[in-house]
There are 2 protein chains.
Amino acid sequence: MKRKQGRPTAKAPILTRQGILNTALRLVDEKGVNALSMRRLAVRLGVDPMAIYHHVPNKQALLTGLVQVVFAELEVPSAGGQSWQDQVRAVARAYQQLAHRHPNLVLYLATDIETAAGAALETTEALYQALAGAGLPPRLVLQAADLIVDYVNGFALAEVAGPLGQPGERQVLIDQLNRHAPDAFPVMRQLFASLTEAELRADFEAGLTFILAGLERFGRG
Amino acid sequence: MKRKQGRPTAKAPILTRQGILNTALRLVDEKGVNALSMRRLAVRLGVDPMAIYHHVPNKQALLTGLVQVVFAELEVPSAGGQSWQDQVRAVARAYQQLAHRHPNLVLYLATDIETAAGAALETTEALYQALAGAGLPPRLVLQAADLIVDYVNGFALAEVAGPLGQPGERQVLIDQLNRHAPDAFPVMRQLFASLTEAELRADFEAGLTFILAGLERFGRG
DNA sequence: ACCTGAACACCGTTCAAGT
DNA sequence: ACCTGAACACCGTTCAAGT
């Protein structure tokens with residue numbers, strides 16, 4: 001824990017854009033996006049609230065900065081010798097796991113497309129490449145990529161959802177069911193009754209499996 | 001424009017939960033969710049801000065109230081004589097159009113699952129019924145329904161996205177591309193070059209088509 | 001029962017000032 | 001160049017008060 005000699009000015013500013021973003025990200029990961037205020041962040045940084053504005057123009061920019069930081073964690077899966085199906089799965093999984101690691105930011109990851117597009121160019125290229133490798137014509141490549149991205153975003157959002165915390169996933173629906181007459185909604189009732197706890201859990205890979213099966217019908221001729 | 005005689009008390013309160021929700025929904029539809037504050041809403045209602053608290057416990061409840069109001073607009077498509085594919089399409093479309101009508105609320109529609117589950121029980125039943133009609137085993141019915149809901153939510157979110165307004169959909173990506181060397185991201189480049197403006201637009205039905213094709217592989221035996 | 005009004009503890013951001 | 005501090009125009013919500 002050595003300290004530089006001399007007064008810590010000019011060459012060694014107290015605050016740094018990177019340092020601010022790192023602290024902000026930790027704050028968001030721990031307490032959620034609503035806990036991120038310029039003033040609370042300043043407390044964590046041990047600094048006057050207004051000092052932050054010297055490194056970040058405003059709160060909006062702070063949030064897009066966080067989106068950039070998070071997307072920088074996304075590494076492109078290498079395409080080496082895998083089937084196009086496995087390549088698509090790898091890309092989708094990489095993004096899904098990213099979202100899973102920063103649940104409180106999912107909304108912004110999904111919503112700030114300008115920043116996301118810039119930060120995920122390589123991943124997007126990898127996805128398009130895999131889909132082109134499936135033999136899909138150009139237009140369907142685009143449509144398939146959209147489907148996959150929308151699915152991942154929707155899945156990630158559902159994982160985060162619930163007004164308080166998360167009740168046991170499907171439990172919410174079952175509770176709602178129990179408020180109605182026992183002969184109402186027979187299909188749902190029978191469905192839930194016939195499945196185990198584990199089978200009721202949301203399954204990211206299952207959705208991908210359906211999508212890939214659909215894509216296979218349109219590729220290669 | 002007749003007015004009741006006598007002083008308008010007791011039997012005819014100025015404020016009503018329904019009236020508050022309607023005004024709030026109009027405010028959100030027009031100016032976005034950030035424009036919805038208890039104080040601004042009070043101005044629109046011509047009332048002291050605190051008057052609202054007599055009918056709605058807090059702002060959170062106001063928002064879940066809006067989700068309920070919006071979901072109440074969702075009408076279940078009748079299953080009459082259609083293929084299961086058309087039934088699935090009809091349900092998905094109904095929800096997508098609902099989201100499209102209230103873009104500023106999409107986040108809450110997708111995220112407040114407790115309220116959504118209660119308000120959309122009939123629609124969910126219709127979806128499960130259609131998927132069971134496809135011959136999917138119970139577990140796959142659930143997974144397929146999740147895929148469809150996640151896709152619709154993701155699609156709706158993408159429609160709303162963008163930090164400011166919406167630039168021309170795909171334009172964002174193309175702009176990002178142009179900041180890089182002309183030999184970077186060749187697959188994307190060729191893709192965009194080969195498609196017309198119209199073909200670049202997001203296509204909700206196309207995603208559904210892929211999903212349905214995938215489901216057909218797992219149904220009926 | 002229903003609405004008002006002052007008050008409290010928060011926000012983001014501007015602007016002038018310090019070193 | 002970098003940080004501080006007061007100030008402004010907002011928030012959601014509590015609580016006492018009016019009718």
# chains A, B, ... in the order shown; residues from 1 in each chain; ligands from 1
$ closest_atom_pairs --of "chain C" --to "chain B" --cutoff "8 Å" --atoms "only C-alpha atoms (C1' of nucleotides)" --output "CSV"
residue,atom,partner,partner_atom,distance
C:DA1,C1',B:Ala10,CA,6.8
C:DC2,C1',B:Pro13,CA,7.2
C:DC3,C1',B:Ala51,CA,5.7
C:DT4,C1',B:Asp48,CA,6.5
$ select_by_dssp --residues "segment 1-218 of chain A" --states "helix (DSSP H, G or I)" --output "PyMOL selection string"
chain A and resi 17-31+33-35+38-45+49-54+59-71+84-101+103-111+113-119+121-133+138-160+171-177+186-193+198-200+204-216
$ atom_distance --atom1 "atom CA of Leu62 of chain B" --atom2 "atom CA of Asp29 of chain A"
26.5 Å
$ closest_residue --among "B:Leu173, B:Leu105, B:Val88, B:Ala193" --to "chain A" --atoms "only C-alpha atoms"
B:Leu173
$ atom_distance --atom1 "atom CA of Leu140 of chain B" --atom2 "atom CA of Pro103 of chain A"
26.2 Å
$ residues_around --residues "DC15 of chain C" --least-positions-apart "3" --cutoff "12 Å" --atoms "only C-alpha atoms (C1' of nucleotides)" --output "PyMOL selection string"
(chain A and resi 50) or (chain D and resi 5-8)
$ write_last_selection --atoms "all heavy atoms" --output "PDB file, in the first residue's frame"
ATOM      1  N   MET A  50     -20.861  16.664  -6.968  1.00  0.00           N
ATOM      2  CA  MET A  50     -20.610  17.383  -8.213  1.00  0.00           C
ATOM      3  C   MET A  50     -19.281  17.022  -8.856  1.00  0.00           C
ATOM      4  O   MET A  50     -19.058  17.266 -10.037  1.00  0.00           O
ATOM      5  CB  MET A  50     -20.679  18.888  -7.975  1.00  0.00           C
ATOM      6  CG  MET A  50     -22.038  19.340  -7.541  1.00  0.00           C
ATOM      7  SD  MET A  50     -23.355  18.657  -8.582  1.00  0.00           S
ATOM      8  CE  MET A  50     -24.125  17.514  -7.438  1.00  0.00           C
TER       9      MET A  50
ATOM     10  P    DG D   5     -17.085  21.234   0.951  1.00  0.00           P
ATOM     11  OP1  DG D   5     -16.408  21.752   2.160  1.00  0.00           O
ATOM     12  OP2  DG D   5     -17.618  19.869   0.895  1.00  0.00           O
ATOM     13  O5'  DG D   5     -18.239  22.269   0.567  1.00  0.00           O
ATOM     14  C5'  DG D   5     -17.854  23.516  -0.020  1.00  0.00           C
ATOM     15  C4'  DG D   5     -19.076  24.392  -0.204  1.00  0.00           C
ATOM     16  O4'  DG D   5     -19.416  24.442  -1.610  1.00  0.00           O
ATOM     17  C3'  DG D   5     -20.333  23.904   0.513  1.00  0.00           C
ATOM     18  O3'  DG D   5     -21.038  25.047   0.965  1.00  0.00           O
ATOM     19  C2'  DG D   5     -21.089  23.154  -0.582  1.00  0.00           C
ATOM     20  C1'  DG D   5     -20.750  23.989  -1.820  1.00  0.00           C
ATOM     21  N9   DG D   5     -20.776  23.276  -3.081  1.00  0.00           N
ATOM     22  C8   DG D   5     -20.554  21.931  -3.290  1.00  0.00           C
ATOM     23  N7   DG D   5     -20.648  21.583  -4.539  1.00  0.00           N
ATOM     24  C5   DG D   5     -20.943  22.763  -5.218  1.00  0.00           C
ATOM     25  C6   DG D   5     -21.162  23.016  -6.596  1.00  0.00           C
ATOM     26  O6   DG D   5     -21.124  22.213  -7.527  1.00  0.00           O
ATOM     27  N1   DG D   5     -21.433  24.369  -6.846  1.00  0.00           N
ATOM     28  C2   DG D   5     -21.490  25.341  -5.882  1.00  0.00           C
ATOM     29  N2   DG D   5     -21.759  26.572  -6.312  1.00  0.00           N
ATOM     30  N3   DG D   5     -21.292  25.122  -4.574  1.00  0.00           N
ATOM     31  C4   DG D   5     -21.027  23.821  -4.322  1.00  0.00           C
ATOM     32  P    DA D   6     -22.324  24.947   1.914  1.00  0.00           P
ATOM     33  OP1  DA D   6     -21.911  25.494   3.224  1.00  0.00           O
ATOM     34  OP2  DA D   6     -22.924  23.600   1.836  1.00  0.00           O
ATOM     35  O5'  DA D   6     -23.285  25.995   1.193  1.00  0.00           O
ATOM     36  C5'  DA D   6     -22.705  27.148   0.570  1.00  0.00           C
ATOM     37  C4'  DA D   6     -23.625  27.689  -0.517  1.00  0.00           C
ATOM     38  O4'  DA D   6     -23.480  26.887  -1.730  1.00  0.00           O
ATOM     39  C3'  DA D   6     -25.121  27.671  -0.165  1.00  0.00           C
ATOM     40  O3'  DA D   6     -25.701  28.877  -0.628  1.00  0.00           O
ATOM     41  C2'  DA D   6     -25.631  26.450  -0.926  1.00  0.00           C
ATOM     42  C1'  DA D   6     -24.774  26.534  -2.197  1.00  0.00           C
ATOM     43  N9   DA D   6     -24.667  25.279  -2.933  1.00  0.00           N
ATOM     44  C8   DA D   6     -24.388  24.036  -2.430  1.00  0.00           C
ATOM     45  N7   DA D   6     -24.343  23.089  -3.332  1.00  0.00           N
ATOM     46  C5   DA D   6     -24.616  23.744  -4.525  1.00  0.00           C
ATOM     47  C6   DA D   6     -24.706  23.301  -5.855  1.00  0.00           C
ATOM     48  N6   DA D   6     -24.535  22.037  -6.222  1.00  0.00           N
ATOM     49  N1   DA D   6     -24.996  24.226  -6.809  1.00  0.00           N
ATOM     50  C2   DA D   6     -25.167  25.496  -6.432  1.00  0.00           C
ATOM     51  N3   DA D   6     -25.098  26.039  -5.211  1.00  0.00           N
ATOM     52  C4   DA D   6     -24.812  25.096  -4.296  1.00  0.00           C
ATOM     53  P    DA D   7     -27.251  29.260  -0.275  1.00  0.00           P
ATOM     54  OP1  DA D   7     -27.284  30.717  -0.017  1.00  0.00           O
ATOM     55  OP2  DA D   7     -27.750  28.301   0.735  1.00  0.00           O
ATOM     56  O5'  DA D   7     -28.009  28.982  -1.646  1.00  0.00           O
ATOM     57  C5'  DA D   7     -27.417  29.449  -2.858  1.00  0.00           C
ATOM     58  C4'  DA D   7     -28.190  28.899  -4.039  1.00  0.00           C
ATOM     59  O4'  DA D   7     -27.723  27.558  -4.343  1.00  0.00           O
ATOM     60  C3'  DA D   7     -29.706  28.780  -3.810  1.00  0.00           C
ATOM     61  O3'  DA D   7     -30.375  29.530  -4.809  1.00  0.00           O
ATOM     62  C2'  DA D   7     -29.998  27.292  -3.922  1.00  0.00           C
ATOM     63  C1'  DA D   7     -28.822  26.771  -4.744  1.00  0.00           C
ATOM     64  N9   DA D   7     -28.477  25.374  -4.493  1.00  0.00           N
ATOM     65  C8   DA D   7     -28.285  24.765  -3.282  1.00  0.00           C
ATOM     66  N7   DA D   7     -27.980  23.485  -3.366  1.00  0.00           N
ATOM     67  C5   DA D   7     -27.984  23.230  -4.725  1.00  0.00           C
ATOM     68  C6   DA D   7     -27.739  22.070  -5.477  1.00  0.00           C
ATOM     69  N6   DA D   7     -27.437  20.889  -4.916  1.00  0.00           N
ATOM     70  N1   DA D   7     -27.815  22.169  -6.827  1.00  0.00           N
ATOM     71  C2   DA D   7     -28.120  23.356  -7.371  1.00  0.00           C
ATOM     72  N3   DA D   7     -28.364  24.524  -6.774  1.00  0.00           N
ATOM     73  C4   DA D   7     -28.276  24.387  -5.441  1.00  0.00           C
ATOM     74  P    DC D   8     -32.011  29.640  -4.781  1.00  0.00           P
ATOM     75  OP1  DC D   8     -32.365  30.999  -5.247  1.00  0.00           O
ATOM     76  OP2  DC D   8     -32.509  29.146  -3.485  1.00  0.00           O
ATOM     77  O5'  DC D   8     -32.427  28.611  -5.926  1.00  0.00           O
ATOM     78  C5'  DC D   8     -31.884  28.777  -7.248  1.00  0.00           C
ATOM     79  C4'  DC D   8     -32.508  27.765  -8.184  1.00  0.00           C
ATOM     80  O4'  DC D   8     -31.872  26.475  -7.986  1.00  0.00           O
ATOM     81  C3'  DC D   8     -34.004  27.547  -7.946  1.00  0.00           C
ATOM     82  O3'  DC D   8     -34.689  27.503  -9.177  1.00  0.00           O
ATOM     83  C2'  DC D   8     -34.075  26.213  -7.226  1.00  0.00           C
ATOM     84  C1'  DC D   8     -32.858  25.492  -7.791  1.00  0.00           C
ATOM     85  N1   DC D   8     -32.315  24.449  -6.870  1.00  0.00           N
ATOM     86  C2   DC D   8     -31.864  23.241  -7.397  1.00  0.00           C
ATOM     87  O2   DC D   8     -31.916  23.065  -8.621  1.00  0.00           O
ATOM     88  N3   DC D   8     -31.375  22.296  -6.553  1.00  0.00           N
ATOM     89  C4   DC D   8     -31.332  22.528  -5.241  1.00  0.00           C
ATOM     90  N4   DC D   8     -30.848  21.571  -4.460  1.00  0.00           N
ATOM     91  C5   DC D   8     -31.788  23.760  -4.685  1.00  0.00           C
ATOM     92  C6   DC D   8     -32.268  24.684  -5.527  1.00  0.00           C
TER      93       DC D   8
END
$ atom_distance --atom1 "atom CA of Phe210 of chain A" --atom2 "atom CA of Ala144 of chain B"
7.6 Å
$ residues_around --residues "segment 37-41 of chain B" --least-positions-apart "2" --cutoff "10 Å" --atoms "only C-alpha atoms (C1' of nucleotides)" --output "list in words"
Ile20, Leu21, Thr23, Ala24, Leu27, Val28, Val33, Asn34, Ala35, Val43, Arg44, Leu45, Gly46, Val47, Asp48, Pro49, Met50, Ala51, Ile52, Tyr53, Asn58, Lys59 and Leu62 of chain B; DC10, DC11 and DG12 of chain D
